[in-house]
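Student: Below is the structure I would like to discuss, written out as structure tokens.
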Amino acid sequence: MFDIAYKNVHHYRHTVHLYLDAIWMMSCRKRKARSSMYNWLALQMNIPKKDAHVSKFTRAQCREAIKILRPRYIQLFGKDLVYERKVKSKMRLQVTGSEIFETAHILPKRSENYDGLYSRTYKLRVIVEGPQIGDYNMVIPQEELKEAILSIIPDHKYICYKDDPLSSEIRDVLTKNNVPYLDVPFMPVAENLIKYLKDELDKYLKDELGYNNLEIVEMELSSVDGSYSTKLIK
């Protein structure tokens with residue numbers, strides 16, 4: 001049965017309108033049907049036609065109108081009215097951090113004019129989402145997010161693709177000269193690199209900083225000048 005235990009008369013009036021509007025809107029001659037519907041309701045409630053305005057109804061009159069309109073509504077639609085009250089949406093808290101880093105890698109040649117060697121200056125932007133925690137009610141302190149990002153970016157490191165023979169040769173030279181590099185099992189294009197960084201950041205936030213309720217909802221790897229970017233979104 002339809003619940004009409006509302007807090008105030010405005011809720012009752014709203015319900016009466018829902019029943020009335022749904023019923024007269026079923027008619028093909030809507031303008032005449034609306035007037036006729038109100039006249040019919042005034043007759044059923046034994047009130048003057050001039051008083052048959054829902055905005056004037058008392059709580060008791062609304063209850064009476066609902067009892068009259070409900071059977072007609074069910075007859076037309078085969079079920080009772082379902083009135084869902086609006087639930088206030090809860091805003092989610094997000095924190096953003098970003099860092100710039102430089103790296104280099106090599107890819108197989110695709111044309112005569114392309115040597116396959118890249119030197120990149122990237123900007124990594126991260127958005128995390130979670131509950132407020134701790135004495136200061138933060139999602140995560142900015143310095144901790146900065147620490148996490150700095151720990152996973154390959155800043156001033158050469159990225160070596162394990163299965164590439166040329167990268168293997170370069171790796172040997174780098175090792176011999178104590179130059180830092182990063183070994184990865186994928187072609188070091190931005191689309192693969194950003195997924196790798198996301199997994200590494202997620203692991204660091206959980207394992208090193210203990211943020212089990214923190215979620216990465218967006219990451220963007222872009223050039224510093226903004227001419228291109230790769231985005232990973234939830």
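Chain lettering (A, B, ...) mirrors the order of the structure tokens, residue numbering begins at 1 for each chain separately, and ligand numbering begins at 1 in order of display.
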Just want the 12 Å neighbourhood of Ile140 in chain A, counted on only C-alpha atoms, with same-chain residues fewer than 4 positions away dropped. Output as number ranges by chain.
Tutor: A: 93-97, 127-136, 144-148, 205, 209-215
Student: Dump N, CA and C atoms for the selected residues as a CSV table (one decimal), in the first residue's frame?
Tutor:
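again.csv written:
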```csv
chain,number,residue,atom,x,y,z
A,93,LEU,N,35.1,12.8,-1.9
A,93,LEU,CA,36.3,13.6,-1.7
A,93,LEU,C,37.5,13.0,-2.6
A,94,GLN,N,38.1,13.9,-3.3
A,94,GLN,CA,39.3,13.5,-4.2
A,94,GLN,C,40.4,14.5,-3.9
A,95,VAL,N,41.6,13.9,-4.1
A,95,VAL,CA,42.9,14.7,-3.9
A,95,VAL,C,43.7,14.5,-5.2
A,96,THR,N,44.3,15.6,-5.7
A,96,THR,CA,45.1,15.5,-6.9
A,96,THR,C,46.6,15.8,-6.6
A,97,GLY,N,47.5,15.0,-7.2
A,97,GLY,CA,48.9,15.3,-7.1
A,97,GLY,C,49.5,15.1,-8.5
A,127,ILE,N,44.7,11.4,-9.5
A,127,ILE,CA,43.6,11.7,-8.7
A,127,ILE,C,43.2,10.5,-7.9
A,128,VAL,N,43.2,10.7,-6.5
A,128,VAL,CA,42.8,9.6,-5.6
A,128,VAL,C,41.6,10.0,-4.9
A,129,GLU,N,40.8,9.0,-4.5
A,129,GLU,CA,39.5,9.2,-3.8
A,129,GLU,C,39.5,8.3,-2.6
A,130,GLY,N,38.9,8.8,-1.5
A,130,GLY,CA,38.8,8.0,-0.3
A,130,GLY,C,38.1,8.8,0.8
A,131,PRO,N,38.0,8.1,2.0
A,131,PRO,CA,37.3,8.8,3.2
A,131,PRO,C,38.3,9.7,3.9
A,132,GLN,N,37.7,10.5,4.7
A,132,GLN,CA,38.6,11.4,5.6
A,132,GLN,C,39.1,10.6,6.8
A,133,ILE,N,40.3,10.7,7.1
A,133,ILE,CA,40.9,9.9,8.2
A,133,ILE,C,41.9,10.7,9.0
A,134,GLY,N,42.2,10.2,10.2
A,134,GLY,CA,43.2,10.9,11.0
A,134,GLY,C,42.7,12.1,11.7
A,135,ASP,N,43.6,12.7,12.5
A,135,ASP,CA,43.3,13.9,13.3
A,135,ASP,C,42.9,15.1,12.5
A,136,TYR,N,43.4,15.2,11.3
A,136,TYR,CA,43.2,16.4,10.5
A,136,TYR,C,42.1,16.2,9.4
A,144,GLU,N,52.5,13.0,1.5
A,144,GLU,CA,52.5,11.5,1.4
A,144,GLU,C,52.1,11.1,-0.1
A,145,LEU,N,51.2,11.9,-0.7
A,145,LEU,CA,50.9,11.6,-2.1
A,145,LEU,C,52.0,11.9,-2.9
A,146,LYS,N,52.7,13.0,-2.6
A,146,LYS,CA,54.0,13.3,-3.4
A,146,LYS,C,55.0,12.2,-3.2
A,147,GLU,N,55.2,11.8,-2.0
A,147,GLU,CA,56.1,10.7,-1.8
A,147,GLU,C,55.8,9.4,-2.6
A,148,ALA,N,54.5,9.1,-2.7
A,148,ALA,CA,54.1,7.9,-3.4
A,148,ALA,C,54.4,8.1,-4.9
A,205,LEU,N,50.7,2.8,-2.2
A,205,LEU,CA,49.8,3.4,-1.3
A,205,LEU,C,49.3,2.4,-0.3
A,209,LEU,N,52.3,2.8,2.6
A,209,LEU,CA,51.6,3.9,3.4
A,209,LEU,C,50.4,3.4,4.1
A,210,GLY,N,49.9,2.2,3.8
A,210,GLY,CA,48.7,1.6,4.5
A,210,GLY,C,47.4,2.2,4.2
A,211,TYR,N,47.2,2.8,3.0
A,211,TYR,CA,45.9,3.3,2.6
A,211,TYR,C,45.1,2.3,1.9
A,212,ASN,N,44.4,1.5,2.6
A,212,ASN,CA,43.6,0.4,2.0
A,212,ASN,C,42.3,0.9,1.5
A,213,ASN,N,41.8,2.0,1.9
A,213,ASN,CA,40.5,2.6,1.4
A,213,ASN,C,40.7,3.7,0.4
A,214,LEU,N,41.9,3.8,-0.1
A,214,LEU,CA,42.2,4.9,-1.1
A,214,LEU,C,42.2,4.3,-2.4
A,215,GLU,N,41.5,4.9,-3.4
A,215,GLU,CA,41.4,4.4,-4.7
A,215,GLU,C,41.9,5.4,-5.8
```
Student: Env of range 65-80 of chain A: 8 Å cut, atoms = only C-alpha atoms, seq-sep filter 5 positions within chain, self excluded. Answer as a PDB file with all heavy atoms, in the first residue's frame.
Tutor:
```
ATOM      1  N   MET A   1       0.851  -1.205   0.000  1.00  0.00           N
ATOM      2  CA  MET A   1       0.000   0.000   0.000  1.00  0.00           C
ATOM      3  C   MET A   1       0.879   1.245   0.000  1.00  0.00           C
ATOM      4  O   MET A   1       1.951   1.272   0.596  1.00  0.00           O
ATOM      5  CB  MET A   1      -0.932  -0.012   1.216  1.00  0.00           C
ATOM      6  CG  MET A   1      -2.006   1.079   1.202  1.00  0.00           C
ATOM      7  SD  MET A   1      -3.168   0.860   2.566  1.00  0.00           S
ATOM      8  CE  MET A   1      -4.208   2.275   2.307  1.00  0.00           C
ATOM      9  N   PHE A   2       0.412   2.277  -0.615  1.00  0.00           N
ATOM     10  CA  PHE A   2       1.188   3.510  -0.752  1.00  0.00           C
ATOM     11  C   PHE A   2       1.306   4.210   0.592  1.00  0.00           C
ATOM     12  O   PHE A   2       0.327   4.437   1.285  1.00  0.00           O
ATOM     13  CB  PHE A   2       0.511   4.412  -1.769  1.00  0.00           C
ATOM     14  CG  PHE A   2       1.307   5.639  -2.093  1.00  0.00           C
ATOM     15  CD1 PHE A   2       2.613   5.522  -2.515  1.00  0.00           C
ATOM     16  CD2 PHE A   2       0.731   6.879  -1.973  1.00  0.00           C
ATOM     17  CE1 PHE A   2       3.339   6.657  -2.831  1.00  0.00           C
ATOM     18  CE2 PHE A   2       1.446   8.003  -2.290  1.00  0.00           C
ATOM     19  CZ  PHE A   2       2.757   7.886  -2.711  1.00  0.00           C
ATOM     20  N   THR A  15       1.534  14.366  -3.406  1.00  0.00           N
ATOM     21  CA  THR A  15       0.995  13.055  -3.760  1.00  0.00           C
ATOM     22  C   THR A  15      -0.343  13.176  -4.486  1.00  0.00           C
ATOM     23  O   THR A  15      -0.605  12.462  -5.458  1.00  0.00           O
ATOM     24  CB  THR A  15       0.826  12.189  -2.499  1.00  0.00           C
ATOM     25  OG1 THR A  15       2.089  12.044  -1.866  1.00  0.00           O
ATOM     26  CG2 THR A  15       0.290  10.809  -2.859  1.00  0.00           C
ATOM     27  N   VAL A  16      -1.195  14.077  -4.003  1.00  0.00           N
ATOM     28  CA  VAL A  16      -2.482  14.301  -4.674  1.00  0.00           C
ATOM     29  C   VAL A  16      -2.237  14.730  -6.118  1.00  0.00           C
ATOM     30  O   VAL A  16      -2.897  14.247  -7.047  1.00  0.00           O
ATOM     31  CB  VAL A  16      -3.316  15.371  -3.932  1.00  0.00           C
ATOM     32  CG1 VAL A  16      -4.596  15.676  -4.722  1.00  0.00           C
ATOM     33  CG2 VAL A  16      -3.676  14.891  -2.533  1.00  0.00           C
ATOM     34  N   TYR A  19      -1.275  11.747  -8.368  1.00  0.00           N
ATOM     35  CA  TYR A  19      -2.443  10.961  -8.779  1.00  0.00           C
ATOM     36  C   TYR A  19      -3.254  11.711  -9.832  1.00  0.00           C
ATOM     37  O   TYR A  19      -3.592  11.156 -10.888  1.00  0.00           O
ATOM     38  CB  TYR A  19      -3.328  10.671  -7.565  1.00  0.00           C
ATOM     39  CG  TYR A  19      -2.904   9.497  -6.733  1.00  0.00           C
ATOM     40  CD1 TYR A  19      -2.522   9.648  -5.412  1.00  0.00           C
ATOM     41  CD2 TYR A  19      -2.931   8.208  -7.262  1.00  0.00           C
ATOM     42  CE1 TYR A  19      -2.156   8.562  -4.629  1.00  0.00           C
ATOM     43  CE2 TYR A  19      -2.566   7.114  -6.487  1.00  0.00           C
ATOM     44  CZ  TYR A  19      -2.178   7.302  -5.176  1.00  0.00           C
ATOM     45  OH  TYR A  19      -1.816   6.216  -4.425  1.00  0.00           O
ATOM     46  N   LEU A  20      -3.594  12.969  -9.539  1.00  0.00           N
ATOM     47  CA  LEU A  20      -4.437  13.757 -10.438  1.00  0.00           C
ATOM     48  C   LEU A  20      -3.815  13.902 -11.829  1.00  0.00           C
ATOM     49  O   LEU A  20      -4.468  13.641 -12.847  1.00  0.00           O
ATOM     50  CB  LEU A  20      -4.659  15.154  -9.843  1.00  0.00           C
ATOM     51  CG  LEU A  20      -5.854  15.339  -8.912  1.00  0.00           C
ATOM     52  CD1 LEU A  20      -5.790  16.715  -8.283  1.00  0.00           C
ATOM     53  CD2 LEU A  20      -7.170  15.169  -9.666  1.00  0.00           C
ATOM     54  N   ALA A  22      -1.477  12.181 -13.342  1.00  0.00           N
ATOM     55  CA  ALA A  22      -1.357  10.924 -14.077  1.00  0.00           C
ATOM     56  C   ALA A  22      -2.690  10.509 -14.690  1.00  0.00           C
ATOM     57  O   ALA A  22      -2.746  10.006 -15.818  1.00  0.00           O
ATOM     58  CB  ALA A  22      -0.847   9.823 -13.149  1.00  0.00           C
ATOM     59  N   ILE A  23      -3.789  10.756 -13.965  1.00  0.00           N
ATOM     60  CA  ILE A  23      -5.110  10.329 -14.436  1.00  0.00           C
ATOM     61  C   ILE A  23      -5.591  11.192 -15.604  1.00  0.00           C
ATOM     62  O   ILE A  23      -5.983  10.692 -16.657  1.00  0.00           O
ATOM     63  CB  ILE A  23      -6.130  10.369 -13.272  1.00  0.00           C
ATOM     64  CG1 ILE A  23      -5.775   9.303 -12.230  1.00  0.00           C
ATOM     65  CG2 ILE A  23      -7.554  10.133 -13.799  1.00  0.00           C
ATOM     66  CD1 ILE A  23      -6.584   9.402 -10.932  1.00  0.00           C
ATOM     67  N   LEU A  41     -13.559  15.745  -8.728  1.00  0.00           N
ATOM     68  CA  LEU A  41     -12.992  15.577  -7.386  1.00  0.00           C
ATOM     69  C   LEU A  41     -13.730  16.456  -6.372  1.00  0.00           C
ATOM     70  O   LEU A  41     -13.989  16.012  -5.249  1.00  0.00           O
ATOM     71  CB  LEU A  41     -11.505  15.937  -7.403  1.00  0.00           C
ATOM     72  CG  LEU A  41     -10.744  15.734  -6.085  1.00  0.00           C
ATOM     73  CD1 LEU A  41     -10.790  14.267  -5.672  1.00  0.00           C
ATOM     74  CD2 LEU A  41      -9.293  16.199  -6.222  1.00  0.00           C
ATOM     75  N   GLN A  44     -16.904  14.673  -5.486  1.00  0.00           N
ATOM     76  CA  GLN A  44     -16.669  13.510  -4.629  1.00  0.00           C
ATOM     77  C   GLN A  44     -16.335  13.923  -3.191  1.00  0.00           C
ATOM     78  O   GLN A  44     -16.710  13.234  -2.234  1.00  0.00           O
ATOM     79  CB  GLN A  44     -15.512  12.671  -5.197  1.00  0.00           C
ATOM     80  CG  GLN A  44     -15.771  12.076  -6.563  1.00  0.00           C
ATOM     81  CD  GLN A  44     -16.929  11.094  -6.536  1.00  0.00           C
ATOM     82  OE1 GLN A  44     -17.016  10.228  -5.657  1.00  0.00           O
ATOM     83  NE2 GLN A  44     -17.844  11.244  -7.482  1.00  0.00           N
ATOM     84  N   MET A  45     -15.636  15.058  -3.054  1.00  0.00           N
ATOM     85  CA  MET A  45     -15.235  15.516  -1.727  1.00  0.00           C
ATOM     86  C   MET A  45     -16.286  16.416  -1.079  1.00  0.00           C
ATOM     87  O   MET A  45     -16.113  16.846   0.069  1.00  0.00           O
ATOM     88  CB  MET A  45     -13.893  16.265  -1.821  1.00  0.00           C
ATOM     89  CG  MET A  45     -12.720  15.397  -2.232  1.00  0.00           C
ATOM     90  SD  MET A  45     -11.175  16.358  -2.422  1.00  0.00           S
ATOM     91  CE  MET A  45     -10.878  16.898  -0.724  1.00  0.00           C
TER      92      MET A  45
END
```
Student: Quick one: DSSP helix (DSSP H, G or I) residues in range 102-156 of chain A, as a ChimeraX atom specification?
Tutor: /A:142-152
Student: Fewer than 4 positions away in the same chain doesn't count, so skip those; otherwise give me all residues within 12 Å of range 154-165 of chain A, counting only C-alpha atoms, as a PyMOL selection string.
Tutor: chain A and resi 99-108+117-124+149-150+169-175+178-190+192-194+196-197+200
Student: Using C-alpha atoms, can you export the residues from the last selection as a PDB file, in the first residue's frame?
Tutor:
```pdb
ATOM      1  CA  GLU A  99      55.048  15.407 -10.768  1.00  0.00           C
ATOM      2  CA  ILE A 100      57.284  16.018 -13.777  1.00  0.00           C
ATOM      3  CA  PHE A 101      59.939  13.485 -14.756  1.00  0.00           C
ATOM      4  CA  GLU A 102      62.369  12.812 -17.569  1.00  0.00           C
ATOM      5  CA  THR A 103      63.067   9.476 -19.197  1.00  0.00           C
ATOM      6  CA  ALA A 104      64.184   7.857 -22.443  1.00  0.00           C
ATOM      7  CA  HIS A 105      63.419   4.675 -24.360  1.00  0.00           C
ATOM      8  CA  ILE A 106      63.779   3.111 -27.768  1.00  0.00           C
ATOM      9  CA  LEU A 107      61.166   1.569 -30.062  1.00  0.00           C
ATOM     10  CA  PRO A 108      61.485  -0.489 -33.258  1.00  0.00           C
ATOM     11  CA  LEU A 117      64.977   6.791 -30.015  1.00  0.00           C
ATOM     12  CA  TYR A 118      62.897   8.918 -27.643  1.00  0.00           C
ATOM     13  CA  SER A 119      63.776  11.308 -24.850  1.00  0.00           C
ATOM     14  CA  ARG A 120      60.692  12.391 -22.928  1.00  0.00           C
ATOM     15  CA  THR A 121      59.705  14.962 -20.332  1.00  0.00           C
ATOM     16  CA  TYR A 122      56.464  13.691 -18.881  1.00  0.00           C
ATOM     17  CA  LYS A 123      53.954  15.099 -16.425  1.00  0.00           C
ATOM     18  CA  LEU A 124      52.082  12.519 -14.351  1.00  0.00           C
ATOM     19  CA  ILE A 149      54.278   9.467  -6.868  1.00  0.00           C
ATOM     20  CA  LEU A 150      58.009  10.184  -6.620  1.00  0.00           C
ATOM     21  CA  GLU A 169      72.743  -4.055 -25.397  1.00  0.00           C
ATOM     22  CA  ILE A 170      71.932  -0.638 -23.977  1.00  0.00           C
ATOM     23  CA  ARG A 171      71.194  -2.209 -20.596  1.00  0.00           C
ATOM     24  CA  ASP A 172      74.660  -3.779 -20.511  1.00  0.00           C
ATOM     25  CA  VAL A 173      76.278  -0.405 -21.183  1.00  0.00           C
ATOM     26  CA  LEU A 174      74.150   1.317 -18.541  1.00  0.00           C
ATOM     27  CA  THR A 175      74.936  -1.362 -15.970  1.00  0.00           C
ATOM     28  CA  ASN A 178      76.181   2.620 -13.109  1.00  0.00           C
ATOM     29  CA  VAL A 179      73.476   4.534 -14.962  1.00  0.00           C
ATOM     30  CA  PRO A 180      69.959   3.854 -13.559  1.00  0.00           C
ATOM     31  CA  TYR A 181      67.407   2.149 -15.775  1.00  0.00           C
ATOM     32  CA  LEU A 182      64.037   0.439 -15.501  1.00  0.00           C
ATOM     33  CA  ASP A 183      63.366  -3.021 -16.921  1.00  0.00           C
ATOM     34  CA  VAL A 184      59.778  -3.521 -18.132  1.00  0.00           C
ATOM     35  CA  PRO A 185      58.063  -6.506 -19.820  1.00  0.00           C
ATOM     36  CA  PHE A 186      56.191  -4.316 -22.301  1.00  0.00           C
ATOM     37  CA  MET A 187      56.786  -1.947 -25.197  1.00  0.00           C
ATOM     38  CA  PRO A 188      57.513   1.391 -23.440  1.00  0.00           C
ATOM     39  CA  VAL A 189      54.790   3.456 -25.085  1.00  0.00           C
ATOM     40  CA  ALA A 190      52.735   5.869 -22.949  1.00  0.00           C
ATOM     41  CA  ASN A 192      51.570   0.764 -21.423  1.00  0.00           C
ATOM     42  CA  LEU A 193      53.641   2.948 -19.130  1.00  0.00           C
ATOM     43  CA  ILE A 194      50.640   4.637 -17.509  1.00  0.00           C
ATOM     44  CA  TYR A 196      52.338   0.132 -15.126  1.00  0.00           C
ATOM     45  CA  LEU A 197      52.596   3.326 -13.052  1.00  0.00           C
ATOM     46  CA  GLU A 200      52.927   0.522  -8.883  1.00  0.00           C
TER      47      GLU A 200
END
```
Student: What is the CA of Ala60 in chain A to CA of Val9 in chain A distance in Å?
Tutor: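 Computing the Euclidean distance for CA of Ala60 in chain A and CA of Val9 in chain A yields 9.0 Å.
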Student: CA of Val126 in chain A to CA of Ile216 in chain A: how many Å, to one decimal?
Tutor: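 Spanning CA of Val126 in chain A to CA of Ile216 in chain A is a straight-line distance of 7.4 Å.
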Student: Just the strand (DSSP E) stuff from range 137-234 of chain A, please, per backbone DSSP, written as a list in words.
Tutor: Lys157, Tyr158, Ile159, Cys160, Tyr161, Tyr181, Leu182, Asp183, Val184, Glu215, Ile216, Val217, Glu218, Met219, Glu220, Leu221, Ser222, Ser223, Ser229, Thr230, Lys231, Leu232 and Ile233 of chain A
Student: Could the residues in this selection be written to a file with N, CA and C atoms, as a compact mmCIF listing (two decimals), in the first residue's frame?
Tutor:
```
# COMPACT_ATOMS: atom_id res chain seq x y z
N LYS A 157 65.67 7.90 -15.70
CA LYS A 157 65.99 6.49 -15.92
C LYS A 157 65.68 6.12 -17.36
N TYR A 158 66.52 5.27 -17.90
CA TYR A 158 66.26 4.73 -19.23
C TYR A 158 65.32 3.53 -19.07
N ILE A 159 64.27 3.45 -19.92
CA ILE A 159 63.31 2.35 -19.83
C ILE A 159 63.69 1.28 -20.85
N CYS A 160 64.01 0.11 -20.35
CA CYS A 160 64.44 -1.00 -21.22
C CYS A 160 63.33 -2.02 -21.38
N TYR A 161 63.02 -2.33 -22.62
CA TYR A 161 62.06 -3.39 -22.94
C TYR A 161 62.82 -4.71 -22.96
N TYR A 181 68.36 2.49 -14.72
CA TYR A 181 67.41 2.15 -15.77
C TYR A 181 66.26 1.35 -15.16
N LEU A 182 65.21 1.20 -15.95
CA LEU A 182 64.04 0.44 -15.50
C LEU A 182 63.74 -0.65 -16.51
N ASP A 183 63.72 -1.89 -16.06
CA ASP A 183 63.37 -3.02 -16.92
C ASP A 183 61.86 -3.22 -16.91
N VAL A 184 61.23 -3.29 -18.07
CA VAL A 184 59.78 -3.52 -18.13
C VAL A 184 59.47 -4.63 -19.14
N GLU A 215 41.51 4.94 -3.38
CA GLU A 215 41.37 4.41 -4.74
C GLU A 215 41.85 5.42 -5.77
N ILE A 216 42.63 4.93 -6.73
CA ILE A 216 43.07 5.79 -7.83
C ILE A 216 41.94 5.83 -8.86
N VAL A 217 41.39 7.00 -9.11
CA VAL A 217 40.25 7.11 -10.02
C VAL A 217 40.64 7.70 -11.38
N GLU A 218 41.81 8.35 -11.44
CA GLU A 218 42.25 8.89 -12.72
C GLU A 218 43.75 9.13 -12.70
N MET A 219 44.39 8.83 -13.85
CA MET A 219 45.80 9.16 -14.05
C MET A 219 45.96 9.70 -15.46
N GLU A 220 46.84 10.70 -15.59
CA GLU A 220 47.10 11.27 -16.91
C GLU A 220 48.60 11.43 -17.09
N LEU A 221 49.10 10.89 -18.16
CA LEU A 221 50.51 11.01 -18.53
C LEU A 221 50.58 11.88 -19.77
N SER A 222 51.21 13.04 -19.65
CA SER A 222 51.18 13.99 -20.76
C SER A 222 52.53 14.65 -20.96
N SER A 223 52.68 15.29 -22.10
CA SER A 223 53.85 16.11 -22.33
C SER A 223 53.70 17.40 -21.53
N SER A 229 48.56 13.62 -24.59
CA SER A 229 48.38 13.02 -23.27
C SER A 229 47.71 11.65 -23.41
N THR A 230 47.95 10.83 -22.42
CA THR A 230 47.28 9.53 -22.29
C THR A 230 46.62 9.48 -20.94
N LYS A 231 45.35 9.15 -20.92
CA LYS A 231 44.60 9.19 -19.66
C LYS A 231 44.06 7.80 -19.33
N LEU A 232 44.16 7.46 -18.05
CA LEU A 232 43.60 6.21 -17.54
C LEU A 232 42.54 6.59 -16.52
N ILE A 233 41.29 6.21 -16.80
CA ILE A 233 40.19 6.59 -15.91
C ILE A 233 39.46 5.36 -15.41
```
Student: In Å to one decimal, how far is CA of His17 in chain A from CA of Leu81 in chain A?
Tutor: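 Those two atoms sit 11.4 Å apart.
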Student: Excluding range 46-50 of chain A and residues on its chain fewer than 3 positions from it, collect all residues at most 12 Å away from it, counting only C-alpha atoms, and give them as a list of chain:residue names.
Tutor: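 Contacts, with the query itself left out: A:Ser35, A:Ser36, A:Met37, A:Tyr38, A:Asn39, A:Trp40, A:Leu41, A:Ala42, A:Leu43, A:His53, A:Val54, A:Ser55, A:Lys56, A:Phe57, A:Gln61, A:Glu64, A:Ala65, A:Ile68.
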Student: If you keep N, CA, C and O atoms, can you produce a file of those selected residues as a short mmCIF file (atom, residue, chain, number, x, y, z; two decimals), in the first residue's frame?
Tutor:
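This went into result02.cif:
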```cif
data_model
loop_
_atom_site.label_atom_id
_atom_site.label_comp_id
_atom_site.auth_asym_id
_atom_site.auth_seq_id
_atom_site.Cartn_x
_atom_site.Cartn_y
_atom_site.Cartn_z
N SER A 35 -9.78 20.09 -16.30
CA SER A 35 -10.87 20.84 -15.66
C SER A 35 -11.96 19.90 -15.17
O SER A 35 -12.46 20.04 -14.05
N SER A 36 -12.29 18.93 -15.99
CA SER A 36 -13.33 17.96 -15.62
C SER A 36 -12.90 17.14 -14.41
O SER A 36 -13.72 16.79 -13.54
N MET A 37 -11.63 16.80 -14.35
CA MET A 37 -11.11 16.00 -13.25
C MET A 37 -11.23 16.74 -11.93
O MET A 37 -11.63 16.17 -10.90
N TYR A 38 -10.91 18.02 -11.94
CA TYR A 38 -11.02 18.81 -10.72
C TYR A 38 -12.48 18.98 -10.30
O TYR A 38 -12.82 18.97 -9.11
N ASN A 39 -13.36 19.17 -11.28
CA ASN A 39 -14.79 19.28 -10.96
C ASN A 39 -15.31 17.99 -10.36
O ASN A 39 -16.11 18.00 -9.42
N TRP A 40 -14.88 16.87 -10.91
CA TRP A 40 -15.30 15.55 -10.40
C TRP A 40 -14.80 15.34 -8.98
O TRP A 40 -15.52 14.85 -8.11
N LEU A 41 -13.56 15.74 -8.73
CA LEU A 41 -12.99 15.58 -7.39
C LEU A 41 -13.73 16.46 -6.37
O LEU A 41 -13.99 16.01 -5.25
N ALA A 42 -14.08 17.68 -6.77
CA ALA A 42 -14.84 18.56 -5.87
C ALA A 42 -16.17 17.93 -5.51
O ALA A 42 -16.61 18.00 -4.35
N LEU A 43 -16.82 17.30 -6.50
CA LEU A 43 -18.11 16.65 -6.25
C LEU A 43 -17.95 15.48 -5.29
O LEU A 43 -18.75 15.29 -4.37
N HIS A 53 -8.71 23.20 -5.34
CA HIS A 53 -7.33 23.46 -5.72
C HIS A 53 -6.43 22.78 -4.69
O HIS A 53 -6.54 23.04 -3.49
N VAL A 54 -5.55 21.94 -5.16
CA VAL A 54 -4.73 21.14 -4.25
C VAL A 54 -3.91 22.03 -3.34
O VAL A 54 -3.66 21.69 -2.18
N SER A 55 -3.49 23.18 -3.82
CA SER A 55 -2.68 24.08 -2.99
C SER A 55 -3.43 24.59 -1.77
O SER A 55 -2.82 25.07 -0.81
N LYS A 56 -4.78 24.48 -1.79
CA LYS A 56 -5.61 24.93 -0.67
C LYS A 56 -5.97 23.79 0.27
O LYS A 56 -6.50 24.04 1.35
N PHE A 57 -5.71 22.57 -0.12
CA PHE A 57 -6.14 21.41 0.66
C PHE A 57 -5.41 21.35 2.00
O PHE A 57 -4.21 21.62 2.10
N GLN A 61 -7.98 16.91 3.98
CA GLN A 61 -8.54 16.91 2.62
C GLN A 61 -7.63 16.14 1.65
O GLN A 61 -8.11 15.45 0.75
N GLU A 64 -8.32 12.52 2.14
CA GLU A 64 -9.59 12.16 1.52
C GLU A 64 -9.45 12.06 0.01
O GLU A 64 -9.97 11.13 -0.63
N ALA A 65 -8.73 13.02 -0.60
CA ALA A 65 -8.53 13.03 -2.05
C ALA A 65 -7.75 11.79 -2.49
O ALA A 65 -8.05 11.18 -3.52
N ILE A 68 -9.89 8.76 -2.66
CA ILE A 68 -10.79 8.80 -3.82
C ILE A 68 -10.02 8.50 -5.11
O ILE A 68 -10.50 7.75 -5.97
#
```
